[in-house]
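Peer 1: Below is one structure. I have some questions about it.
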Amino acid sequence: MIISHKHKFIFIKTHKTAGTSLEIALSKYCGEEDVITPISDKDEQIRRNLGYRVAQNYIISFGNYTFFDWLKYIVTRKKRSYFNHIKAQKVKNFVGKRIWSEYYTFCFERNPYDKCISGYYWMKNNNNIPLEKYLLEKAHLFSDFSMYSNKKNKIILDDVFKYEDINKALNIISQKIGLNEELNISKIKAKGSVRVDKEPYKKLISNDLKKHIDEVFSNELDCFNYRF
């Protein structure tokens with residue numbers, strides 16, 4: 001997740017949408033006051049090798065604490081912080097109405113069926129659970145609708161781009177945040193080598209699994225008109 005005061009934008013990072021590659025690319029344009037949340041050591045090394053800014057300013061200042069934040073701090077003595085995959089509503093609460101309304105806010109979404117398959121292969125590095133069993137139990141982990149909407153299921157970001165249209169989206173984002181060049185993630189291969197098998201999701205998803213994904217991702221399917 002990135003909050004750029006330099007270019008006045010807030011990027012919310014969703015799951016399995018090239019989010020790490022995009023936040024690495026965006027780090028190139030961040031200033032010293034901008035918020036950049038930590039990523040894995042391997043991906044942080046990519047940022048260092050490219051000469052981009054790494055994680056910084058992600059600890060939230062006491063001045064932005066709510067009453068409940070103070071209660072948690074008193075009990076745990078742990079400071080609040082921005083983090084990977086934080087919900088937009090939480091960011092909005094911390095930065096305040098003025099910044100939220102003035103800054104350009106955006107994220108990406110992905111076809112839920114394709115997203116679930118990608119998510120399975122990403123997690124497969126840590127287990128050998130069969131695809132259908134895993135997704136029947138864990139598909140909800142990849143649903144991000146609540147990350148960019150409020151409790152009334154209203155989207156609160158300026159733009160939710162489709163992962164399938166990422167090249168067009170990068171051009172739009174570059175213009176809206178005032179870059180003098182177009183964002184490019186083609187040379188950033190963060191997490192890109194996880195899945196070797198590229199078989200289409202239609203061949204991998206059974207009728208029962210499709211029904212389950214339809215239920216879990218009902219908001220995404222309705223809002224973005226994704227189809228199997």
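The chains in the structure tokens are called A, B, ... from first to last as shown; in each chain the residues are counted from 1, and the ligands are counted from 1 in the order shown.
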Using only C-alpha atoms, which protein or nucleic acid residues come within 12 Å of Ser101 in chain A? Drop anything in the same chain fewer than 6 positions from it, and give the result as a compact mmCIF listing (two decimals) with all heavy atoms, in the first residue's frame.

Peer 2:
```
# COMPACT_ATOMS: atom_id res chain seq x y z
N LYS A 8 0.05 12.90 -4.64
CA LYS A 8 -1.34 12.92 -4.17
C LYS A 8 -2.16 11.73 -4.68
O LYS A 8 -3.17 11.88 -5.36
CB LYS A 8 -2.01 14.24 -4.54
CG LYS A 8 -1.42 15.44 -3.81
CD LYS A 8 -2.25 16.70 -3.99
CE LYS A 8 -1.68 17.83 -3.14
NZ LYS A 8 -2.50 19.06 -3.25
N PHE A 9 -1.68 10.55 -4.34
CA PHE A 9 -2.46 9.35 -4.65
C PHE A 9 -2.36 8.34 -3.52
O PHE A 9 -1.42 8.37 -2.71
CB PHE A 9 -2.01 8.71 -5.97
CG PHE A 9 -0.67 8.00 -5.92
CD1 PHE A 9 -0.58 6.70 -5.42
CD2 PHE A 9 0.48 8.61 -6.39
CE1 PHE A 9 0.65 6.04 -5.38
CE2 PHE A 9 1.71 7.95 -6.37
CZ PHE A 9 1.78 6.67 -5.85
N ILE A 10 -3.34 7.45 -3.46
CA ILE A 10 -3.35 6.34 -2.51
C ILE A 10 -3.62 5.07 -3.28
O ILE A 10 -4.65 4.95 -3.96
CB ILE A 10 -4.41 6.53 -1.41
CG1 ILE A 10 -4.10 7.79 -0.59
CG2 ILE A 10 -4.48 5.30 -0.50
CD1 ILE A 10 -5.18 8.14 0.45
N LYS A 92 -8.65 5.51 5.02
CA LYS A 92 -9.46 6.73 5.02
C LYS A 92 -9.59 7.30 6.43
O LYS A 92 -9.48 8.51 6.64
CB LYS A 92 -10.84 6.45 4.42
CG LYS A 92 -11.74 7.67 4.34
CD LYS A 92 -13.08 7.29 3.71
CE LYS A 92 -13.99 8.51 3.61
NZ LYS A 92 -15.31 8.16 3.01
N ASN A 93 -9.81 6.42 7.38
CA ASN A 93 -9.96 6.86 8.77
C ASN A 93 -8.67 7.47 9.30
O ASN A 93 -8.70 8.47 10.04
CB ASN A 93 -10.36 5.68 9.66
CG ASN A 93 -11.76 5.17 9.36
OD1 ASN A 93 -12.56 5.86 8.73
ND2 ASN A 93 -12.05 3.95 9.77
N VAL A 95 -5.98 8.79 7.43
CA VAL A 95 -5.49 9.99 6.74
C VAL A 95 -6.45 11.17 6.89
O VAL A 95 -6.04 12.32 6.74
CB VAL A 95 -5.24 9.74 5.24
CG1 VAL A 95 -4.22 8.63 5.05
CG2 VAL A 95 -6.53 9.41 4.49
N ILE A 156 -15.50 2.90 -2.38
CA ILE A 156 -15.08 4.21 -1.89
C ILE A 156 -13.79 4.72 -2.54
O ILE A 156 -13.26 5.75 -2.14
CB ILE A 156 -14.92 4.21 -0.35
CG1 ILE A 156 -13.85 3.18 0.08
CG2 ILE A 156 -16.25 3.93 0.33
CD1 ILE A 156 -13.54 3.23 1.57
N LEU A 157 -13.31 4.01 -3.57
CA LEU A 157 -12.15 4.48 -4.31
C LEU A 157 -12.57 5.19 -5.59
O LEU A 157 -13.67 4.97 -6.09
CB LEU A 157 -11.24 3.29 -4.68
CG LEU A 157 -10.66 2.46 -3.53
CD1 LEU A 157 -9.72 1.40 -4.09
CD2 LEU A 157 -9.94 3.32 -2.52
N ASP A 158 -11.69 6.03 -6.10
CA ASP A 158 -11.99 6.72 -7.36
C ASP A 158 -12.06 5.75 -8.52
O ASP A 158 -12.92 5.88 -9.39
CB ASP A 158 -10.93 7.79 -7.64
CG ASP A 158 -10.96 8.92 -6.62
OD1 ASP A 158 -12.06 9.37 -6.28
OD2 ASP A 158 -9.87 9.33 -6.16
```

Peer 1: I'd like the neighbourhood of Lys13 in chain A as a short mmCIF file (atom, residue, chain, number, x, y, z; two decimals) with C-alpha atoms, in the first residue's frame, where a residue qualifies if any of its atoms comes within 9 Å (using only C-alpha atoms), though same-chain residues fewer than 4 positions away should be ignored.

Peer 2:
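Writing done, so here's out-v9.cif:
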```
data_model
loop_
_atom_site.label_atom_id
_atom_site.label_comp_id
_atom_site.auth_asym_id
_atom_site.auth_seq_id
_atom_site.Cartn_x
_atom_site.Cartn_y
_atom_site.Cartn_z
CA MET A 1 0.00 0.00 0.00
CA ILE A 2 1.26 3.46 -0.83
CA THR A 17 -3.51 -8.48 -9.24
CA ALA A 18 0.20 -7.78 -9.84
CA GLY A 19 0.01 -5.60 -6.73
CA THR A 20 3.60 -6.15 -5.62
CA LEU A 22 2.85 -2.22 -9.22
CA GLU A 23 3.84 -0.96 -5.79
CA ASN A 84 0.12 -4.90 3.07
CA HIS A 85 -3.52 -5.36 1.95
CA ILE A 86 -4.95 -2.89 4.46
CA LYS A 87 -8.59 -1.96 3.81
CA PHE A 106 -7.30 3.34 -6.84
CA CYS A 107 -6.78 -0.43 -6.86
CA PHE A 108 -7.19 -3.44 -9.15
CA MET A 147 -10.98 -3.85 0.85
#
```

Peer 1: Write out as a list in words the residues lying within 12 Å of Lys202 in chain A, counting only C-alpha atoms and excluding same-chain residues fewer than 6 positions away.

Peer 2: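 The contact residues come out as Asn111, Pro112, Tyr113, Asp114, Cys116, Ile117, Leu209, Lys210, Arg227 and Phe228 of chain A.
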
Peer 1: List the neighbours of Phe142 in chain A out to 8 Å using only C-alpha atoms; skip same-chain residues closer than 2 positions along the sequence, and give me the result as a list in words.

Peer 2: His15, Lys16, Lys115, Cys116, Gly119, Lys138, Ala139, His140 and Asp144 of chain A

Peer 1: Taking only C-alpha atoms into account, name the residue in A:Asp41, A:Tyr104, A:Asn57, A:Lys79 that is nearest to Gln175 in chain A.

Peer 2: A:Tyr104

Peer 1: Within range 7-165 of chain A, find each residue whose DSSP state, derived from the backbone, is alpha helix (DSSP H), and express the selection as a PyMOL selection string.

Peer 2: chain A and resi 19-27+41-50+67-76+88-95+97-102+112-123+131-138

Peer 1: One number please: CA of Ile213 in chain A to CA of Ile129 in chain A, in Å, one decimal.

Peer 2: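 Rounded to one decimal, the two atoms are 17.7 Å apart.
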
Peer 1: Looking at A:Asn219, A:Asn167, A:Ser174, A:Asn127, which one is nearest to Ser143 in chain A, with distances taken over only C-alpha atoms?

Peer 2: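 That would be A:Asn219, the residue with the smallest distance to Ser143 in chain A.
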
Peer 1: Of the candidates A:Val91, A:Leu50, A:Val35, A:Ile24, which one gets nearest to Ser4 in chain A if we count only C-alpha atoms?

Peer 2: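 Among the listed residues, A:Val35 lies closest to Ser4 in chain A.
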